[in-house]
Structure formats: C-alpha cells, structure tokens
Amino acid sequence: QVQLVESGGGLVQAGGSLRLSCAASGRTFSSYAMGWFRQAPGKEREFVAAITWSGDNTYYADSVKGRFTISRDNAKNTVYLQMDRLKTEDTAVYYCAKKISPYYRTNYDDFKTYADWGQGTQVTVSS
C-alpha cells in the first residue's frame, strides 16, 4: 500500500508563495507520474499539475500556468508544487496523487487515472 503525505499548506496573503511537498512510501515512486489536484468548498476536484515519472515533462492547468511549478526528487520519493503569485481563487485543499500504473503517459488531467491519493493539505489565500 502506497502512502502519500502532503505538507506545506497554510495561510498566505495574495501575491505570496507556498511550497507543497508530497512524500511517498514504497520503492517504485520513480516509475510513476505524479499529479496535484485541488478541491475548493462546493466545487469539483480539479487538476492543477502533473509530472512524468522521469520529470522530463510537466503539465499545468491554464489557471496556474506561469505561477505554479511542479518538480520531483526521485531520490527522496518526493514531489513538490511551488506556488507563486497566489490568488484568492487558489484557496482549496490540495492533494497529490500517483498514477494508476508505471510509465503512464496520458490523461494527466484525469483524476480517474490516479490510484493513490494523499490526505490533502489546506491552502488559504487571503486578500
């Protein structure tokens, strides 16, 4: 059973920055693409960013492109989400997720293609 543990959330003013981390257990982390999703109260879960197993490609939702950066350190079994120029509409619970199978290279924005999820970390951006 894979465990994903997010950290780094908190309260920040608009225009500020936060860095989320997601630590994964298990020895096969480096074979899986990883994604970040978020869910605001009363809204559907939405894709934020994803990164391939090797880190050679990254994908972003239009709403965060140019402000957020996803990265990974396979030696540490950790994926990161650097969030800059935060806006109030970025307020949500952020979840990291691991792809359903290794070397999966499609549908990065589809939450149904992710099998393991963390418990989430709250990000609140105040005006």
# chains A, B, ... in the order shown; residues from 1 in each chain; ligands from 1
$ residues_around --residues "stretch 33-48 of chain A" --least-positions-apart "5" --cutoff "7 Å" --atoms "only C-alpha atoms" --output "PyMOL selection string"
chain A and resi 53+60-61+64+91-99+103-104+109
$ residues_around --residues "stretch 72-81 of chain A" --least-positions-apart "5" --cutoff "8 Å" --atoms "only C-alpha atoms" --output "PyMOL selection string"
chain A and resi 19-25+29-30+34+36+51+55
$ write_last_selection --atoms "N, CA and C atoms" --output "PDB file, in the first residue's frame"
ATOM      1  N   ARG A  19       5.194  26.383  -0.824  1.00  0.00           N
ATOM      2  CA  ARG A  19       5.737  25.201  -1.476  1.00  0.00           C
ATOM      3  C   ARG A  19       5.157  23.970  -0.814  1.00  0.00           C
ATOM      4  N   LEU A  20       4.408  23.203  -1.583  1.00  0.00           N
ATOM      5  CA  LEU A  20       3.847  21.958  -1.085  1.00  0.00           C
ATOM      6  C   LEU A  20       4.803  20.810  -1.381  1.00  0.00           C
ATOM      7  N   SER A  21       4.825  19.853  -0.470  1.00  0.00           N
ATOM      8  CA  SER A  21       5.606  18.634  -0.655  1.00  0.00           C
ATOM      9  C   SER A  21       4.694  17.433  -0.510  1.00  0.00           C
ATOM     10  N   CYS A  22       5.045  16.374  -1.195  1.00  0.00           N
ATOM     11  CA  CYS A  22       4.296  15.117  -1.097  1.00  0.00           C
ATOM     12  C   CYS A  22       5.321  13.991  -1.023  1.00  0.00           C
ATOM     13  N   ALA A  23       5.416  13.388   0.143  1.00  0.00           N
ATOM     14  CA  ALA A  23       6.362  12.293   0.350  1.00  0.00           C
ATOM     15  C   ALA A  23       5.656  10.962   0.140  1.00  0.00           C
ATOM     16  N   ALA A  24       6.271  10.102  -0.648  1.00  0.00           N
ATOM     17  CA  ALA A  24       5.667   8.813  -0.981  1.00  0.00           C
ATOM     18  C   ALA A  24       6.464   7.670  -0.380  1.00  0.00           C
ATOM     19  N   SER A  25       5.737   6.670   0.080  1.00  0.00           N
ATOM     20  CA  SER A  25       6.401   5.457   0.548  1.00  0.00           C
ATOM     21  C   SER A  25       6.545   4.501  -0.627  1.00  0.00           C
ATOM     22  N   PHE A  29       8.390   4.618  -6.627  1.00  0.00           N
ATOM     23  CA  PHE A  29       7.964   6.004  -6.867  1.00  0.00           C
ATOM     24  C   PHE A  29       8.499   6.527  -8.189  1.00  0.00           C
ATOM     25  N   SER A  30       9.748   6.248  -8.496  1.00  0.00           N
ATOM     26  CA  SER A  30      10.391   6.820  -9.674  1.00  0.00           C
ATOM     27  C   SER A  30       9.826   6.298 -10.984  1.00  0.00           C
ATOM     28  N   MET A  34       3.201  11.671 -11.381  1.00  0.00           N
ATOM     29  CA  MET A  34       2.530  12.189 -10.200  1.00  0.00           C
ATOM     30  C   MET A  34       1.748  13.438 -10.572  1.00  0.00           C
ATOM     31  N   TRP A  36      -0.908  16.814  -8.999  1.00  0.00           N
ATOM     32  CA  TRP A  36      -1.520  17.604  -7.929  1.00  0.00           C
ATOM     33  C   TRP A  36      -2.922  18.003  -8.395  1.00  0.00           C
ATOM     34  N   ILE A  51       3.543  15.633 -13.473  1.00  0.00           N
ATOM     35  CA  ILE A  51       4.928  15.481 -13.919  1.00  0.00           C
ATOM     36  C   ILE A  51       5.149  14.016 -14.269  1.00  0.00           C
ATOM     37  N   GLY A  55      10.417  13.121 -14.859  1.00  0.00           N
ATOM     38  CA  GLY A  55      10.486  14.563 -14.660  1.00  0.00           C
ATOM     39  C   GLY A  55      10.757  15.340 -15.936  1.00  0.00           C
TER      40      GLY A  55
END
$ atom_distance --atom1 "atom CA of A:Arg105" --atom2 "atom CA of A:Trp117"
18.3 Å
$ residues_around --residues "A:Gly15" --least-positions-apart "3" --cutoff "9 Å" --atoms "only C-alpha atoms" --output "list in words"
Val12, Asp84, Arg85, Leu86, Lys87, Val125 and Ser127 of chain A
$ atom_distance --atom1 "atom CA of A:Ala14" --atom2 "atom CA of A:Gln119"
24.6 Å
$ select_by_dssp --residues "chain A" --states "strand (DSSP E or B)" --output "JSON, numbers by chain"
{"A": [4, 5, 6, 7, 10, 11, 12, 13, 18, 19, 20, 21, 22, 23, 24, 34, 35, 36, 37, 38, 39, 46, 47, 48, 49, 50, 51, 58, 59, 60, 68, 69, 70, 71, 72, 73, 78, 79, 80, 81, 82, 83, 92, 93, 94, 95, 96, 97, 98, 99, 114, 115, 116, 117, 121, 122, 123, 124, 125, 126]}
$ atom_distance --atom1 "atom CA of A:Leu11" --atom2 "atom CA of A:Ile70"
20.0 Å
$ closest_residue --among "A:Asp90, A:Gly10, A:Ser71, A:Ala50" --to "A:Tyr114" --atoms "only C-alpha atoms"
A:Ala50
$ closest_residue --among "A:Gln82, A:Ile100, A:Thr58, A:Lys112" --to "A:Gly8" --atoms "only C-alpha atoms"
A:Gln82
$ decode --residues "stretch 9-125 of chain A" --atoms "C-alpha atoms" --output "mmCIF file, in the first residue's frame"
data_model
loop_
_atom_site.group_PDB
_atom_site.id
_atom_site.type_symbol
_atom_site.label_atom_id
_atom_site.label_comp_id
_atom_site.auth_asym_id
_atom_site.auth_seq_id
_atom_site.Cartn_x
_atom_site.Cartn_y
_atom_site.Cartn_z
ATOM 1 C CA GLY A 9 -0.051 24.182 3.208
ATOM 2 C CA GLY A 10 -1.098 27.198 5.227
ATOM 3 C CA LEU A 11 -2.412 30.739 5.184
ATOM 4 C CA VAL A 12 -0.784 33.269 2.900
ATOM 5 C CA GLN A 13 -1.663 36.669 1.541
ATOM 6 C CA ALA A 14 -2.496 37.163 -2.103
ATOM 7 C CA GLY A 15 0.685 37.557 -4.109
ATOM 8 C CA GLY A 16 2.629 35.342 -1.734
ATOM 9 C CA SER A 17 4.159 31.904 -2.195
ATOM 10 C CA LEU A 18 3.932 28.434 -0.730
ATOM 11 C CA ARG A 19 5.737 25.201 -1.476
ATOM 12 C CA LEU A 20 3.847 21.958 -1.085
ATOM 13 C CA SER A 21 5.606 18.634 -0.655
ATOM 14 C CA CYS A 22 4.296 15.117 -1.097
ATOM 15 C CA ALA A 23 6.362 12.293 0.350
ATOM 16 C CA ALA A 24 5.667 8.813 -0.981
ATOM 17 C CA SER A 25 6.401 5.457 0.548
ATOM 18 C CA GLY A 26 7.465 2.474 -1.499
ATOM 19 C CA ARG A 27 10.316 1.638 -3.821
ATOM 20 C CA THR A 28 8.608 2.265 -7.164
ATOM 21 C CA PHE A 29 7.964 6.004 -6.867
ATOM 22 C CA SER A 30 10.391 6.820 -9.674
ATOM 23 C CA SER A 31 8.366 4.738 -12.154
ATOM 24 C CA TYR A 32 5.132 6.689 -11.736
ATOM 25 C CA ALA A 33 3.869 10.000 -12.993
ATOM 26 C CA MET A 34 2.530 12.189 -10.200
ATOM 27 C CA GLY A 35 -0.127 14.838 -10.105
ATOM 28 C CA TRP A 36 -1.520 17.604 -7.929
ATOM 29 C CA PHE A 37 -5.231 18.277 -7.736
ATOM 30 C CA ARG A 38 -7.262 20.660 -5.619
ATOM 31 C CA GLN A 39 -10.788 20.970 -4.350
ATOM 32 C CA ALA A 40 -12.425 24.125 -3.058
ATOM 33 C CA PRO A 41 -15.600 24.028 -0.930
ATOM 34 C CA GLY A 42 -18.638 23.323 -3.055
ATOM 35 C CA LYS A 43 -16.564 22.725 -6.160
ATOM 36 C CA GLU A 44 -15.412 19.723 -8.118
ATOM 37 C CA ARG A 45 -11.894 18.388 -7.754
ATOM 38 C CA GLU A 46 -9.710 19.943 -10.428
ATOM 39 C CA PHE A 47 -6.373 19.200 -11.995
ATOM 40 C CA VAL A 48 -3.510 21.505 -11.096
ATOM 41 C CA ALA A 49 -0.267 19.996 -12.393
ATOM 42 C CA ALA A 50 1.425 16.729 -13.279
ATOM 43 C CA ILE A 51 4.928 15.481 -13.919
ATOM 44 C CA THR A 52 6.144 12.398 -15.774
ATOM 45 C CA TRP A 53 7.981 9.596 -13.987
ATOM 46 C CA SER A 54 11.348 10.902 -15.130
ATOM 47 C CA GLY A 55 10.486 14.563 -14.660
ATOM 48 C CA ASP A 56 11.145 15.344 -18.322
ATOM 49 C CA ASN A 57 7.682 16.714 -18.943
ATOM 50 C CA THR A 58 5.284 18.780 -16.881
ATOM 51 C CA TYR A 59 1.660 19.745 -17.413
ATOM 52 C CA TYR A 60 -0.412 22.533 -15.902
ATOM 53 C CA ALA A 61 -3.957 23.752 -15.728
ATOM 54 C CA ASP A 62 -4.382 27.039 -17.559
ATOM 55 C CA SER A 63 -5.376 28.717 -14.303
ATOM 56 C CA VAL A 64 -1.955 28.094 -12.720
ATOM 57 C CA LYS A 65 0.340 28.130 -15.733
ATOM 58 C CA GLY A 66 3.202 30.550 -15.217
ATOM 59 C CA ARG A 67 2.616 30.741 -11.449
ATOM 60 C CA PHE A 68 2.992 27.142 -10.244
ATOM 61 C CA THR A 69 5.897 24.763 -10.816
ATOM 62 C CA ILE A 70 5.807 21.020 -10.251
ATOM 63 C CA SER A 71 9.031 19.103 -9.690
ATOM 64 C CA ARG A 72 10.198 15.830 -8.211
ATOM 65 C CA ASP A 73 13.175 14.312 -6.485
ATOM 66 C CA ASN A 74 13.118 10.577 -7.109
ATOM 67 C CA ALA A 75 15.998 10.009 -4.690
ATOM 68 C CA LYS A 76 13.779 11.409 -1.927
ATOM 69 C CA ASN A 77 10.498 9.928 -3.173
ATOM 70 C CA THR A 78 9.039 13.417 -3.111
ATOM 71 C CA VAL A 79 7.090 15.615 -5.480
ATOM 72 C CA TYR A 80 6.779 19.360 -4.983
ATOM 73 C CA LEU A 81 4.438 22.129 -6.013
ATOM 74 C CA GLN A 82 5.918 25.613 -5.866
ATOM 75 C CA MET A 83 3.087 28.123 -5.880
ATOM 76 C CA ASP A 84 3.922 31.765 -6.579
ATOM 77 C CA ARG A 85 1.772 34.875 -7.058
ATOM 78 C CA LEU A 86 -1.043 33.163 -5.241
ATOM 79 C CA LYS A 87 -4.585 34.381 -5.736
ATOM 80 C CA THR A 88 -7.624 34.079 -3.504
ATOM 81 C CA GLU A 89 -9.132 31.674 -6.006
ATOM 82 C CA ASP A 90 -6.265 29.254 -5.333
ATOM 83 C CA THR A 91 -7.777 28.565 -1.917
ATOM 84 C CA ALA A 92 -8.510 24.834 -1.707
ATOM 85 C CA VAL A 93 -7.397 21.537 -0.277
ATOM 86 C CA TYR A 94 -4.500 20.299 -2.382
ATOM 87 C CA TYR A 95 -3.959 16.599 -2.988
ATOM 88 C CA CYS A 96 -1.079 14.737 -4.539
ATOM 89 C CA ALA A 97 -1.766 11.565 -6.443
ATOM 90 C CA LYS A 98 0.128 8.710 -8.020
ATOM 91 C CA LYS A 99 -0.726 7.353 -11.454
ATOM 92 C CA ILE A 100 -2.577 4.074 -11.703
ATOM 93 C CA SER A 101 0.298 2.253 -13.423
ATOM 94 C CA PRO A 102 4.001 2.822 -14.090
ATOM 95 C CA TYR A 103 5.225 4.805 -17.088
ATOM 96 C CA TYR A 104 1.671 6.029 -17.764
ATOM 97 C CA ARG A 105 1.961 8.872 -20.247
ATOM 98 C CA THR A 106 -1.540 10.112 -20.999
ATOM 99 C CA ASN A 107 -4.565 11.776 -19.431
ATOM 100 C CA TYR A 108 -2.593 13.650 -16.817
ATOM 101 C CA ASP A 109 -5.558 15.853 -16.002
ATOM 102 C CA ASP A 110 -7.986 12.966 -15.419
ATOM 103 C CA PHE A 111 -8.262 12.123 -11.732
ATOM 104 C CA LYS A 112 -9.634 8.661 -12.634
ATOM 105 C CA THR A 113 -6.165 7.685 -13.901
ATOM 106 C CA TYR A 114 -4.631 8.119 -10.451
ATOM 107 C CA ALA A 115 -4.838 5.262 -7.978
ATOM 108 C CA ASP A 116 -3.319 6.580 -4.765
ATOM 109 C CA TRP A 117 -4.078 9.868 -3.030
ATOM 110 C CA GLY A 118 -2.772 11.767 -0.073
ATOM 111 C CA GLN A 119 -4.927 13.147 2.720
ATOM 112 C CA GLY A 120 -4.672 16.701 1.418
ATOM 113 C CA THR A 121 -3.245 19.948 2.744
ATOM 114 C CA GLN A 122 -5.212 23.171 3.119
ATOM 115 C CA VAL A 123 -4.063 26.261 1.253
ATOM 116 C CA THR A 124 -5.825 29.502 2.126
ATOM 117 C CA VAL A 125 -5.042 32.723 0.294
#
